[in-house]
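Data first, discussion second: the structure below is written as C-alpha cells.
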Protein chains: 2
Amino acid sequence: MTTTGLPIAEAAEAAGLSVDTLRYYEKDGLMLRPVPRSPSGHRRYDATDLRWVELVTRLRSTGMPIRDVRRYAELVRAGDGNEEERLALLRGHREVVLRRLAEVTAHLGAIDHKIGIYEDRLARVPRSA
Amino acid sequence: MTTTGLPIAEAAEAAGLSVDTLRYYEKDGLMLRPVPRSPSGHRRYDATDLRWVELVTRLRSTGMPIRDVRRYAELVRAGDGNEEERLALLRGHREVVLRRLAEVTAHLGAIDHKIGIYEDRLARVPRSA
DNA sequence: GGTTGACCTGGAGCGCGCTCCAGGGAGTTG
DNA sequence: CAACTCCCTGGAGCGCGCTCCAGGTCAACC
C-alpha cells in the first residue's frame, strides 16, 4: 500500500468544494505548498493539505477575500518569525466578521418584525377572505 | 416651499448608498414605483421611497440576491392579496440568514481558537526573541 | 450670453470567485 | 487493441452587483 493521499475528487468531496475550486486555490497561491503528485502527475492530498483546505474554507466562508487568504498562506509558508503579522491578520478578520455579524443580526431583527406584522395581518383575515 | 423630496445625492447620503446604486436599483425593478421627478426630470425621493430603500438595504445586506428583492417588490406592487407569498419569501430568507449566521459563528469560533494559539505562543516567546 | 453644477440616459466595464471547456495523457477492463 | 475513466493544463466564460463614462439637459449665477 504505497497509495498516499486522496485523489482530487475525494479531497473535494471531503472538503465540500468542487474539484475546480481545489485546482483554482492551488493555482492562485492559497495552498501551503504545491499539492504532491502521484507518478503520473495526479494530485494526492494528504492530511496536512486537507487540514489547510479546511482552514481556507473557514476563512473563506467567514468572508475573507481570496487575496487575504493568499497573504496568510504566504506568511505561513515563510516560516517562523512572522507570527505577529499572522495574528494581526486573523484579528483584523475577526473584527470584520464580528461587525458583519452584528449588522446582519440587527437587520434580521427588523425583518423579523416585518414578518410578525404579516403574520398578524394574516391571522386576522383567515383564508384568502 | 413646493420642493418635495430629496434629490438623488441627498437620498444616497441618507441611505448610505451611492447615487449610481440608487439609479441601478430603480432601473432593475427594485423600487416600489418609478421615483417621482421634478419638472426638469430630476428624481425626488420622498419618505416612502426612502423607507423602501431602507428595507431593500436590510434585505441586501443580509444577503438576499437582487432578483429576490425584485420579486418581493413585484409582490408589494401587485397590491393586497399576496401576503402569504410575501411572508413565505421573507421566512425563507430568514431561514437562510439564520443558517449562515450559525455557520459563520461556528467558523469564527475555530478562528478564535487559532488566534488563541498564536497569542499563547507569542506570550511565551516575548519580543521577537 | 457664458459658465458652473447637479442631474439625466444608455451602455460599457470591472472585480470577484469560481466554473467550464478543449485537447491530451495515463492506467484499467474486456 | 479499443473503450472507459480519472486526471492534467491553459485559458475562456460567467453571474453578480455594482461603478464608471460620454454626451446631453436644465436652472442659477455672474
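Each chain in the C-alpha cells gets a letter, A, B, ..., in the order shown, and its residues are numbered from 1; ligands are numbered from 1 in order too.
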Non-local contacts of A:Arg86 (9 Å; only C-alpha atoms (C1' of nucleotides); under 5 positions in same chain excluded) as JSON, numbers by chain: {"A": [72, 75, 76, 91], "B": [115, 118]}
For the residues in the current selection, export N, CA and C atoms as an mmCIF file, in the first residue's frame.
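The resulting again.cif:
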data_model
loop_
_atom_site.group_PDB
_atom_site.id
_atom_site.type_symbol
_atom_site.label_atom_id
_atom_site.label_comp_id
_atom_site.auth_asym_id
_atom_site.auth_seq_id
_atom_site.Cartn_x
_atom_site.Cartn_y
_atom_site.Cartn_z
ATOM 1 N N TYR A 72 -2.139 35.289 3.966
ATOM 2 C CA TYR A 72 -1.939 34.455 5.152
ATOM 3 C C TYR A 72 -1.108 33.216 4.798
ATOM 4 N N LEU A 75 2.482 34.043 4.558
ATOM 5 C CA LEU A 75 3.119 34.201 5.861
ATOM 6 C C LEU A 75 3.468 32.852 6.464
ATOM 7 N N VAL A 76 2.525 31.920 6.398
ATOM 8 C CA VAL A 76 2.783 30.601 6.972
ATOM 9 C C VAL A 76 3.910 29.922 6.203
ATOM 10 N N ARG A 91 -6.766 38.653 13.623
ATOM 11 C CA ARG A 91 -7.539 39.540 14.489
ATOM 12 C C ARG A 91 -8.327 40.554 13.676
ATOM 13 N N ILE B 115 -6.428 31.990 16.908
ATOM 14 C CA ILE B 115 -5.880 33.248 17.430
ATOM 15 C C ILE B 115 -5.307 33.014 18.828
ATOM 16 N N TYR B 118 -1.888 31.397 18.695
ATOM 17 C CA TYR B 118 -0.815 32.347 18.366
ATOM 18 C C TYR B 118 -0.501 33.251 19.547
#
Proximal residues of chain A relative to chain B (only C-alpha atoms; 12 Å) as a PyMOL selection string: chain A and resi 54-64+80-98+100-123+125-129
For the selection you just gave me, I'd like the residues written to a file as an mmCIF file, in the first residue's frame, keeping C-alpha atoms.
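Produced file part38.cif, reproduced below:
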data_model
loop_
_atom_site.group_PDB
_atom_site.id
_atom_site.type_symbol
_atom_site.label_atom_id
_atom_site.label_comp_id
_atom_site.auth_asym_id
_atom_site.auth_seq_id
_atom_site.Cartn_x
_atom_site.Cartn_y
_atom_site.Cartn_z
ATOM 1 C CA GLU A 54 -10.284 23.246 5.952
ATOM 2 C CA LEU A 55 -8.738 26.408 7.360
ATOM 3 C CA VAL A 56 -9.021 28.114 3.991
ATOM 4 C CA THR A 57 -12.676 27.132 3.934
ATOM 5 C CA ARG A 58 -13.222 28.653 7.348
ATOM 6 C CA LEU A 59 -11.599 31.884 6.311
ATOM 7 C CA ARG A 60 -13.441 31.999 3.016
ATOM 8 C CA SER A 61 -16.831 31.186 4.403
ATOM 9 C CA THR A 62 -16.481 33.897 7.013
ATOM 10 C CA GLY A 63 -15.947 36.265 4.122
ATOM 11 C CA MET A 64 -12.191 36.689 3.918
ATOM 12 C CA ASP A 80 8.641 31.131 11.865
ATOM 13 C CA GLY A 81 9.196 34.750 12.711
ATOM 14 C CA ASN A 82 6.094 36.457 11.389
ATOM 15 C CA GLU A 83 3.597 35.267 13.968
ATOM 16 C CA GLU A 84 2.683 38.825 14.921
ATOM 17 C CA GLU A 85 1.689 39.526 11.367
ATOM 18 C CA ARG A 86 -0.383 36.366 11.109
ATOM 19 C CA LEU A 87 -2.058 37.201 14.364
ATOM 20 C CA ALA A 88 -2.796 40.728 13.203
ATOM 21 C CA LEU A 89 -4.336 39.404 10.023
ATOM 22 C CA LEU A 90 -6.545 36.961 11.902
ATOM 23 C CA ARG A 91 -7.539 39.540 14.489
ATOM 24 C CA GLY A 92 -8.401 42.047 11.792
ATOM 25 C CA HIS A 93 -10.545 39.474 10.093
ATOM 26 C CA ARG A 94 -12.209 38.635 13.376
ATOM 27 C CA GLU A 95 -13.183 42.261 13.868
ATOM 28 C CA VAL A 96 -14.644 42.499 10.394
ATOM 29 C CA VAL A 97 -16.634 39.326 10.916
ATOM 30 C CA LEU A 98 -17.964 40.482 14.275
ATOM 31 C CA ARG A 100 -20.812 41.966 9.960
ATOM 32 C CA LEU A 101 -22.489 39.528 12.315
ATOM 33 C CA ALA A 102 -23.812 42.440 14.358
ATOM 34 C CA GLU A 103 -25.061 44.217 11.261
ATOM 35 C CA VAL A 104 -26.768 41.155 9.846
ATOM 36 C CA THR A 105 -28.313 40.355 13.207
ATOM 37 C CA ALA A 106 -29.683 43.867 13.532
ATOM 38 C CA HIS A 107 -31.132 43.858 10.013
ATOM 39 C CA LEU A 108 -32.568 40.416 10.623
ATOM 40 C CA GLY A 109 -34.347 41.762 13.678
ATOM 41 C CA ALA A 110 -36.074 44.357 11.549
ATOM 42 C CA ILE A 111 -37.025 41.713 9.014
ATOM 43 C CA ASP A 112 -38.402 39.514 11.785
ATOM 44 C CA HIS A 113 -40.502 42.412 12.898
ATOM 45 C CA LYS A 114 -41.926 42.732 9.405
ATOM 46 C CA ILE A 115 -42.627 39.016 9.345
ATOM 47 C CA GLY A 116 -44.553 39.435 12.592
ATOM 48 C CA ILE A 117 -46.665 42.156 11.031
ATOM 49 C CA TYR A 118 -47.621 39.952 8.098
ATOM 50 C CA GLU A 119 -48.378 37.072 10.451
ATOM 51 C CA ASP A 120 -50.741 39.234 12.490
ATOM 52 C CA ARG A 121 -52.414 40.562 9.416
ATOM 53 C CA LEU A 122 -52.948 37.107 8.007
ATOM 54 C CA ALA A 123 -54.177 35.742 11.341
ATOM 55 C CA VAL A 125 -58.066 37.789 7.892
ATOM 56 C CA PRO A 126 -58.033 33.962 7.822
ATOM 57 C CA ARG A 127 -58.233 32.170 4.483
ATOM 58 C CA SER A 128 -57.883 34.411 1.433
ATOM 59 C CA ALA A 129 -61.065 36.198 2.554
#
If we count only C-alpha atoms (C1' of nucleotides), which residues of chain C reach to within 9 Å of chain A? Please list them as a PDB file with C-alpha atoms (C1' of nucleotides), in the first residue's frame.
ATOM      1  C1'  DC C  16     -14.621  38.713  -7.528  1.00  0.00           C
ATOM      2  C1'  DG C  17     -14.794  33.866  -7.289  1.00  0.00           C
ATOM      3  C1'  DC C  18     -15.372  30.493  -9.305  1.00  0.00           C
ATOM      4  C1'  DT C  19     -16.889  27.215 -13.434  1.00  0.00           C
ATOM      5  C1'  DG C  25      -2.153  11.590 -21.147  1.00  0.00           C
ATOM      6  C1'  DA C  26      -2.045   7.515 -18.235  1.00  0.00           C
TER       7       DA C  26
END
Between atom CA of B:Arg44 and atom CA of B:Pro7 - distance in Å to one decimal: 5.0 Å
Fit chain A to chain B: least squares, all C-alpha atoms, paired in order; write the output as a short mmCIF file (atom, residue, chain, number, x, y, z; two decimals) with N, CA and C atoms, in the first residue's frame.
data_model
loop_
_atom_site.label_atom_id
_atom_site.label_comp_id
_atom_site.auth_asym_id
_atom_site.auth_seq_id
_atom_site.Cartn_x
_atom_site.Cartn_y
_atom_site.Cartn_z
N MET A 1 -42.77 76.92 -0.59
CA MET A 1 -41.98 75.70 -0.51
C MET A 1 -42.67 74.52 -1.19
N THR A 2 -42.47 74.39 -2.48
CA THR A 2 -43.05 73.26 -3.23
C THR A 2 -42.04 72.14 -3.43
N THR A 3 -40.84 72.36 -2.88
CA THR A 3 -39.80 71.35 -3.03
C THR A 3 -40.17 70.10 -2.26
N THR A 4 -40.52 69.07 -2.97
CA THR A 4 -40.90 67.83 -2.31
C THR A 4 -39.87 66.75 -2.58
N GLY A 5 -39.39 66.15 -1.52
CA GLY A 5 -38.47 65.03 -1.68
C GLY A 5 -37.04 65.44 -1.89
N LEU A 6 -36.15 64.48 -1.63
CA LEU A 6 -34.71 64.74 -1.72
C LEU A 6 -34.20 64.45 -3.12
N PRO A 7 -33.25 65.27 -3.58
CA PRO A 7 -32.56 64.94 -4.82
C PRO A 7 -31.71 63.70 -4.58
N ILE A 8 -31.33 63.05 -5.64
CA ILE A 8 -30.69 61.74 -5.53
C ILE A 8 -29.42 61.76 -4.67
N ALA A 9 -28.68 62.84 -4.73
CA ALA A 9 -27.44 62.89 -3.95
C ALA A 9 -27.73 62.81 -2.45
N GLU A 10 -28.76 63.52 -2.04
CA GLU A 10 -29.10 63.50 -0.61
C GLU A 10 -29.75 62.20 -0.20
N ALA A 11 -30.53 61.65 -1.12
CA ALA A 11 -31.15 60.35 -0.82
C ALA A 11 -30.06 59.29 -0.65
N ALA A 12 -29.06 59.37 -1.50
CA ALA A 12 -27.96 58.42 -1.43
C ALA A 12 -27.24 58.57 -0.09
N GLU A 13 -26.98 59.81 0.26
CA GLU A 13 -26.35 60.11 1.54
C GLU A 13 -27.16 59.51 2.69
N ALA A 14 -28.45 59.76 2.64
CA ALA A 14 -29.33 59.30 3.71
C ALA A 14 -29.38 57.77 3.77
N ALA A 15 -29.32 57.15 2.62
CA ALA A 15 -29.47 55.69 2.56
C ALA A 15 -28.14 54.98 2.77
N GLY A 16 -27.06 55.71 2.67
CA GLY A 16 -25.76 55.07 2.78
C GLY A 16 -25.43 54.28 1.53
N LEU A 17 -25.98 54.71 0.39
CA LEU A 17 -25.69 54.05 -0.88
C LEU A 17 -25.12 55.07 -1.83
N SER A 18 -24.63 54.63 -2.97
CA SER A 18 -24.14 55.58 -3.95
C SER A 18 -25.29 55.99 -4.87
N VAL A 19 -25.10 57.14 -5.49
CA VAL A 19 -26.07 57.64 -6.45
C VAL A 19 -26.29 56.61 -7.56
N ASP A 20 -25.19 56.04 -8.01
CA ASP A 20 -25.28 55.03 -9.07
C ASP A 20 -26.11 53.83 -8.62
N THR A 21 -25.94 53.44 -7.40
CA THR A 21 -26.69 52.28 -6.90
C THR A 21 -28.18 52.58 -6.85
N LEU A 22 -28.52 53.78 -6.42
CA LEU A 22 -29.95 54.13 -6.38
C LEU A 22 -30.56 54.08 -7.78
N ARG A 23 -29.83 54.62 -8.74
CA ARG A 23 -30.36 54.58 -10.11
C ARG A 23 -30.45 53.15 -10.61
N TYR A 24 -29.43 52.38 -10.27
CA TYR A 24 -29.41 50.98 -10.68
C TYR A 24 -30.58 50.21 -10.07
N TYR A 25 -30.88 50.42 -8.81
CA TYR A 25 -32.00 49.73 -8.17
C TYR A 25 -33.31 50.06 -8.88
N GLU A 26 -33.46 51.31 -9.23
CA GLU A 26 -34.70 51.69 -9.90
C GLU A 26 -34.79 51.04 -11.28
N LYS A 27 -33.70 51.12 -12.02
CA LYS A 27 -33.68 50.55 -13.37
C LYS A 27 -33.94 49.05 -13.33
N ASP A 28 -33.51 48.41 -12.26
CA ASP A 28 -33.60 46.96 -12.15
C ASP A 28 -34.90 46.47 -11.51
N GLY A 29 -35.81 47.41 -11.26
CA GLY A 29 -37.11 46.99 -10.75
C GLY A 29 -37.17 46.70 -9.26
N LEU A 30 -36.24 47.26 -8.51
CA LEU A 30 -36.25 47.01 -7.07
C LEU A 30 -37.10 48.02 -6.31
N MET A 31 -37.44 49.12 -6.97
CA MET A 31 -38.23 50.13 -6.29
C MET A 31 -39.72 49.81 -6.40
N LEU A 32 -40.48 50.38 -5.49
CA LEU A 32 -41.92 50.14 -5.50
C LEU A 32 -42.60 50.82 -6.67
N ARG A 33 -41.98 51.89 -7.10
CA ARG A 33 -42.56 52.68 -8.19
C ARG A 33 -41.42 53.46 -8.81
N PRO A 34 -41.64 53.99 -10.03
CA PRO A 34 -40.63 54.87 -10.59
C PRO A 34 -40.52 56.05 -9.64
N VAL A 35 -39.32 56.43 -9.27
CA VAL A 35 -39.17 57.54 -8.35
C VAL A 35 -39.70 58.81 -9.02
N PRO A 36 -40.55 59.57 -8.30
CA PRO A 36 -41.13 60.80 -8.85
C PRO A 36 -40.05 61.77 -9.31
N ARG A 37 -40.40 62.60 -10.30
CA ARG A 37 -39.43 63.53 -10.85
C ARG A 37 -39.84 64.99 -10.64
N SER A 38 -38.86 65.84 -10.58
CA SER A 38 -39.10 67.27 -10.57
C SER A 38 -39.45 67.67 -12.02
N PRO A 39 -39.96 68.91 -12.21
CA PRO A 39 -40.32 69.34 -13.56
C PRO A 39 -39.16 69.15 -14.55
N SER A 40 -37.94 69.31 -14.07
CA SER A 40 -36.81 69.18 -15.00
C SER A 40 -36.34 67.74 -15.12
N GLY A 41 -37.09 66.80 -14.56
CA GLY A 41 -36.74 65.39 -14.75
C GLY A 41 -35.81 64.79 -13.72
N HIS A 42 -35.50 65.56 -12.69
CA HIS A 42 -34.63 65.03 -11.64
C HIS A 42 -35.44 64.24 -10.62
N ARG A 43 -34.84 63.13 -10.14
CA ARG A 43 -35.55 62.31 -9.15
C ARG A 43 -35.73 63.07 -7.83
N ARG A 44 -36.88 62.83 -7.22
CA ARG A 44 -37.15 63.39 -5.89
C ARG A 44 -37.62 62.26 -4.99
N TYR A 45 -36.78 61.87 -4.08
CA TYR A 45 -37.13 60.76 -3.18
C TYR A 45 -37.94 61.28 -2.00
N ASP A 46 -39.17 60.79 -1.86
CA ASP A 46 -39.92 61.20 -0.67
C ASP A 46 -39.79 60.13 0.41
N ALA A 47 -40.51 60.37 1.52
CA ALA A 47 -40.34 59.50 2.69
C ALA A 47 -40.63 58.03 2.37
N THR A 48 -41.65 57.79 1.54
CA THR A 48 -41.99 56.38 1.27
C THR A 48 -40.89 55.72 0.44
N ASP A 49 -40.33 56.49 -0.48
CA ASP A 49 -39.21 55.94 -1.27
C ASP A 49 -38.04 55.62 -0.36
N LEU A 50 -37.77 56.52 0.56
CA LEU A 50 -36.62 56.31 1.45
C LEU A 50 -36.85 55.12 2.39
N ARG A 51 -38.08 54.98 2.85
CA ARG A 51 -38.36 53.82 3.72
C ARG A 51 -38.20 52.52 2.93
N TRP A 52 -38.64 52.54 1.69
CA TRP A 52 -38.50 51.34 0.87
C TRP A 52 -37.01 51.03 0.61
N VAL A 53 -36.26 52.05 0.32
CA VAL A 53 -34.82 51.85 0.11
C VAL A 53 -34.19 51.26 1.36
N GLU A 54 -34.67 51.70 2.51
CA GLU A 54 -34.14 51.16 3.76
C GLU A 54 -34.43 49.66 3.87
N LEU A 55 -35.63 49.27 3.49
CA LEU A 55 -35.97 47.85 3.54
C LEU A 55 -35.10 47.07 2.55
N VAL A 56 -34.96 47.63 1.36
CA VAL A 56 -34.11 46.97 0.36
C VAL A 56 -32.70 46.79 0.92
N THR A 57 -32.22 47.81 1.58
CA THR A 57 -30.88 47.73 2.17
C THR A 57 -30.79 46.62 3.22
N ARG A 58 -31.84 46.50 4.01
CA ARG A 58 -31.83 45.42 5.01
C ARG A 58 -31.79 44.06 4.34
N LEU A 59 -32.59 43.91 3.32
CA LEU A 59 -32.64 42.62 2.63
C LEU A 59 -31.29 42.35 1.96
N ARG A 60 -30.78 43.34 1.27
CA ARG A 60 -29.51 43.18 0.58
C ARG A 60 -28.38 42.88 1.55
N SER A 61 -28.34 43.63 2.64
CA SER A 61 -27.15 43.45 3.48
C SER A 61 -27.26 42.22 4.36
N THR A 62 -28.41 41.55 4.34
CA THR A 62 -28.48 40.23 4.94
C THR A 62 -28.28 39.16 3.87
N GLY A 63 -27.92 39.61 2.68
CA GLY A 63 -27.53 38.64 1.65
C GLY A 63 -28.61 38.23 0.67
N MET A 64 -29.76 38.87 0.68
CA MET A 64 -30.77 38.49 -0.30
C MET A 64 -30.32 38.94 -1.69
N PRO A 65 -30.37 38.05 -2.66
CA PRO A 65 -29.96 38.42 -4.02
C PRO A 65 -30.92 39.45 -4.62
N ILE A 66 -30.38 40.27 -5.50
CA ILE A 66 -31.16 41.28 -6.20
C ILE A 66 -32.45 40.70 -6.77
N ARG A 67 -32.36 39.54 -7.37
CA ARG A 67 -33.55 39.00 -8.04
C ARG A 67 -34.68 38.70 -7.05
N ASP A 68 -34.33 38.33 -5.82
CA ASP A 68 -35.36 38.07 -4.82
C ASP A 68 -35.95 39.37 -4.28
N VAL A 69 -35.11 40.37 -4.17
CA VAL A 69 -35.62 41.67 -3.75
C VAL A 69 -36.61 42.17 -4.80
N ARG A 70 -36.25 41.96 -6.06
CA ARG A 70 -37.13 42.38 -7.15
C ARG A 70 -38.46 41.64 -7.06
N ARG A 71 -38.37 40.35 -6.80
CA ARG A 71 -39.58 39.54 -6.67
C ARG A 71 -40.47 40.08 -5.54
N TYR A 72 -39.84 40.40 -4.43
CA TYR A 72 -40.60 40.94 -3.30
C TYR A 72 -41.25 42.28 -3.68
N ALA A 73 -40.49 43.10 -4.37
CA ALA A 73 -41.03 44.40 -4.80
C ALA A 73 -42.23 44.19 -5.73
N GLU A 74 -42.13 43.20 -6.59
CA GLU A 74 -43.24 42.91 -7.50
C GLU A 74 -44.49 42.53 -6.73
N LEU A 75 -44.30 41.73 -5.69
CA LEU A 75 -45.44 41.31 -4.89
C LEU A 75 -46.10 42.49 -4.21
N VAL A 76 -45.28 43.36 -3.62
CA VAL A 76 -45.84 44.52 -2.93
C VAL A 76 -46.54 45.42 -3.94
N ARG A 77 -45.92 45.60 -5.09
CA ARG A 77 -46.51 46.42 -6.14
C ARG A 77 -47.86 45.87 -6.59
N ALA A 78 -47.97 44.55 -6.61
CA ALA A 78 -49.20 43.91 -7.08
C ALA A 78 -50.38 44.21 -6.14
N GLY A 79 -50.06 44.67 -4.93
CA GLY A 79 -51.14 45.05 -4.02
C GLY A 79 -51.63 43.91 -3.14
N ASP A 80 -52.71 44.16 -2.42
CA ASP A 80 -53.23 43.18 -1.45
C ASP A 80 -53.56 41.85 -2.12
N GLY A 81 -53.46 40.82 -1.34
CA GLY A 81 -53.90 39.51 -1.82
C GLY A 81 -52.79 38.48 -1.93
N ASN A 82 -51.53 38.96 -1.87
CA ASN A 82 -50.44 37.99 -1.98
C ASN A 82 -49.59 37.97 -0.71
N GLU A 83 -50.20 38.31 0.39
CA GLU A 83 -49.43 38.39 1.64
C GLU A 83 -48.77 37.07 2.03
N GLU A 84 -49.45 35.96 1.72
CA GLU A 84 -48.84 34.67 2.04
C GLU A 84 -47.52 34.52 1.30
N GLU A 85 -47.54 34.93 0.05
CA GLU A 85 -46.33 34.77 -0.75
C GLU A 85 -45.20 35.66 -0.23
N ARG A 86 -45.55 36.87 0.13
CA ARG A 86 -44.54 37.78 0.70
C ARG A 86 -43.96 37.18 1.97
N LEU A 87 -44.88 36.69 2.79
CA LEU A 87 -44.45 36.11 4.06
C LEU A 87 -43.54 34.91 3.83
N ALA A 88 -43.89 34.09 2.86
CA ALA A 88 -43.08 32.92 2.56
C ALA A 88 -41.69 33.34 2.11
N LEU A 89 -41.65 34.39 1.30
CA LEU A 89 -40.35 34.86 0.81
C LEU A 89 -39.49 35.35 1.98
N LEU A 90 -40.11 36.13 2.86
CA LEU A 90 -39.36 36.67 4.00
C LEU A 90 -38.93 35.55 4.94
N ARG A 91 -39.84 34.61 5.18
CA ARG A 91 -39.48 33.50 6.07
C ARG A 91 -38.36 32.66 5.48
N GLY A 92 -38.45 32.42 4.19
CA GLY A 92 -37.37 31.65 3.54
C GLY A 92 -36.05 32.37 3.69
N HIS A 93 -36.07 33.65 3.48
CA HIS A 93 -34.84 34.43 3.64
C HIS A 93 -34.32 34.33 5.07
N ARG A 94 -35.24 34.46 6.00
CA ARG A 94 -34.87 34.38 7.41
C ARG A 94 -34.13 33.07 7.71
N GLU A 95 -34.65 31.99 7.18
CA GLU A 95 -34.01 30.69 7.42
C GLU A 95 -32.60 30.66 6.85
N VAL A 96 -32.46 31.16 5.65
CA VAL A 96 -31.14 31.19 5.02
C VAL A 96 -30.17 32.00 5.86
N VAL A 97 -30.64 33.16 6.32
CA VAL A 97 -29.78 34.04 7.10
C VAL A 97 -29.38 33.36 8.41
N LEU A 98 -30.34 32.71 9.06
CA LEU A 98 -30.03 32.05 10.32
C LEU A 98 -28.99 30.95 10.12
N ARG A 99 -29.15 30.21 9.04
CA ARG A 99 -28.16 29.15 8.77
C ARG A 99 -26.78 29.76 8.54
N ARG A 100 -26.76 30.83 7.80
CA ARG A 100 -25.47 31.46 7.53
C ARG A 100 -24.85 32.04 8.79
N LEU A 101 -25.68 32.64 9.62
CA LEU A 101 -25.17 33.18 10.88
C LEU A 101 -24.55 32.06 11.71
N ALA A 102 -25.24 30.92 11.76
CA ALA A 102 -24.73 29.80 12.55
C ALA A 102 -23.41 29.31 11.97
N GLU A 103 -23.35 29.22 10.67
CA GLU A 103 -22.13 28.73 10.02
C GLU A 103 -20.98 29.69 10.29
N VAL A 104 -21.21 30.96 10.07
CA VAL A 104 -20.15 31.94 10.28
C VAL A 104 -19.70 31.94 11.74
N THR A 105 -20.66 31.86 12.64
CA THR A 105 -20.32 31.84 14.06
C THR A 105 -19.45 30.64 14.40
N ALA A 106 -19.82 29.49 13.87
CA ALA A 106 -19.04 28.28 14.13
C ALA A 106 -17.62 28.42 13.58
N HIS A 107 -17.50 28.87 12.35
CA HIS A 107 -16.18 29.04 11.74
C HIS A 107 -15.37 30.07 12.52
N LEU A 108 -16.06 31.12 12.96
CA LEU A 108 -15.36 32.15 13.72
C LEU A 108 -14.81 31.58 15.02
N GLY A 109 -15.54 30.67 15.62
CA GLY A 109 -15.07 30.03 16.83
C GLY A 109 -13.74 29.32 16.60
N ALA A 110 -13.66 28.63 15.49
CA ALA A 110 -12.42 27.91 15.16
C ALA A 110 -11.28 28.90 14.91
N ILE A 111 -11.61 30.01 14.29
CA ILE A 111 -10.59 31.02 14.02
C ILE A 111 -10.12 31.65 15.34
N ASP A 112 -11.07 31.90 16.22
CA ASP A 112 -10.73 32.42 17.54
C ASP A 112 -9.76 31.48 18.25
N HIS A 113 -10.05 30.23 18.12
CA HIS A 113 -9.18 29.23 18.76
C HIS A 113 -7.76 29.37 18.23
N LYS A 114 -7.65 29.51 16.93
CA LYS A 114 -6.33 29.66 16.31
C LYS A 114 -5.66 30.95 16.78
N ILE A 115 -6.43 31.99 16.93
CA ILE A 115 -5.89 33.25 17.44
C ILE A 115 -5.32 33.02 18.84
N GLY A 116 -6.06 32.27 19.65
CA GLY A 116 -5.60 31.97 21.01
C GLY A 116 -4.27 31.23 21.00
N ILE A 117 -4.12 30.34 20.06
CA ILE A 117 -2.86 29.57 19.97
C ILE A 117 -1.69 30.51 19.65
N TYR A 118 -1.89 31.40 18.72
CA TYR A 118 -0.82 32.35 18.38
C TYR A 118 -0.51 33.25 19.57
N GLU A 119 -1.57 33.67 20.28
CA GLU A 119 -1.36 34.55 21.43
C GLU A 119 -0.51 33.85 22.49
N ASP A 120 -0.82 32.60 22.75
CA ASP A 120 -0.04 31.84 23.73
C ASP A 120 1.41 31.73 23.29
N ARG A 121 1.55 31.38 22.03
CA ARG A 121 2.90 31.18 21.52
C ARG A 121 3.72 32.46 21.63
N LEU A 122 3.10 33.56 21.31
CA LEU A 122 3.81 34.83 21.35
C LEU A 122 4.06 35.29 22.79
N ALA A 123 3.16 34.92 23.70
CA ALA A 123 3.34 35.30 25.10
C ALA A 123 4.53 34.55 25.69
N ARG A 124 4.73 33.34 25.21
CA ARG A 124 5.81 32.50 25.71
C ARG A 124 7.17 32.96 25.20
N VAL A 125 7.22 33.46 24.00
CA VAL A 125 8.47 33.91 23.38
C VAL A 125 8.36 35.41 23.13
N PRO A 126 8.61 36.21 24.19
CA PRO A 126 8.26 37.64 24.21
C PRO A 126 8.58 38.44 22.94
N ARG A 127 9.62 39.21 22.94
CA ARG A 127 9.83 40.15 21.84
C ARG A 127 10.79 39.62 20.78
N SER A 128 10.24 39.19 19.69
CA SER A 128 11.00 38.72 18.52
C SER A 128 12.24 37.90 18.90
N ALA A 129 12.26 37.28 20.06
CA ALA A 129 13.44 36.54 20.49
C ALA A 129 13.50 35.17 19.85
#
Which parts of chain B does DSSP call strand (DSSP E or B) when run on the backbone here, written out as an mmCIF file with N, CA and C atoms, in the first residue's frame?
data_model
loop_
_atom_site.group_PDB
_atom_site.id
_atom_site.type_symbol
_atom_site.label_atom_id
_atom_site.label_comp_id
_atom_site.auth_asym_id
_atom_site.auth_seq_id
_atom_site.Cartn_x
_atom_site.Cartn_y
_atom_site.Cartn_z
ATOM 1 N N LEU B 6 -36.144 64.491 -1.619
ATOM 2 C CA LEU B 6 -34.706 64.750 -1.711
ATOM 3 C C LEU B 6 -34.179 64.457 -3.101
ATOM 4 N N ARG B 37 -40.405 62.593 -10.269
ATOM 5 C CA ARG B 37 -39.446 63.533 -10.825
ATOM 6 C C ARG B 37 -39.863 64.981 -10.627
ATOM 7 N N ARG B 43 -34.826 63.138 -10.136
ATOM 8 C CA ARG B 43 -35.530 62.324 -9.142
ATOM 9 C C ARG B 43 -35.726 63.077 -7.826
ATOM 10 N N TYR B 45 -36.756 61.865 -4.069
ATOM 11 C CA TYR B 45 -37.104 60.763 -3.173
ATOM 12 C C TYR B 45 -37.906 61.284 -1.995
#
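Within 8 Å of chain B, counting only C-alpha atoms (C1' of nucleotides), chain D contributes DC18, DT19 and DC26 of chain D.
The space between atom C1' of D:DA28 and atom C1' of C:DT3 spans 10.5 Å.
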Filtered DSSP result for chain A, state helix (DSSP H, G or I), as number ranges by chain: A: 8-15, 19-27, 47-61, 66-78, 83-124
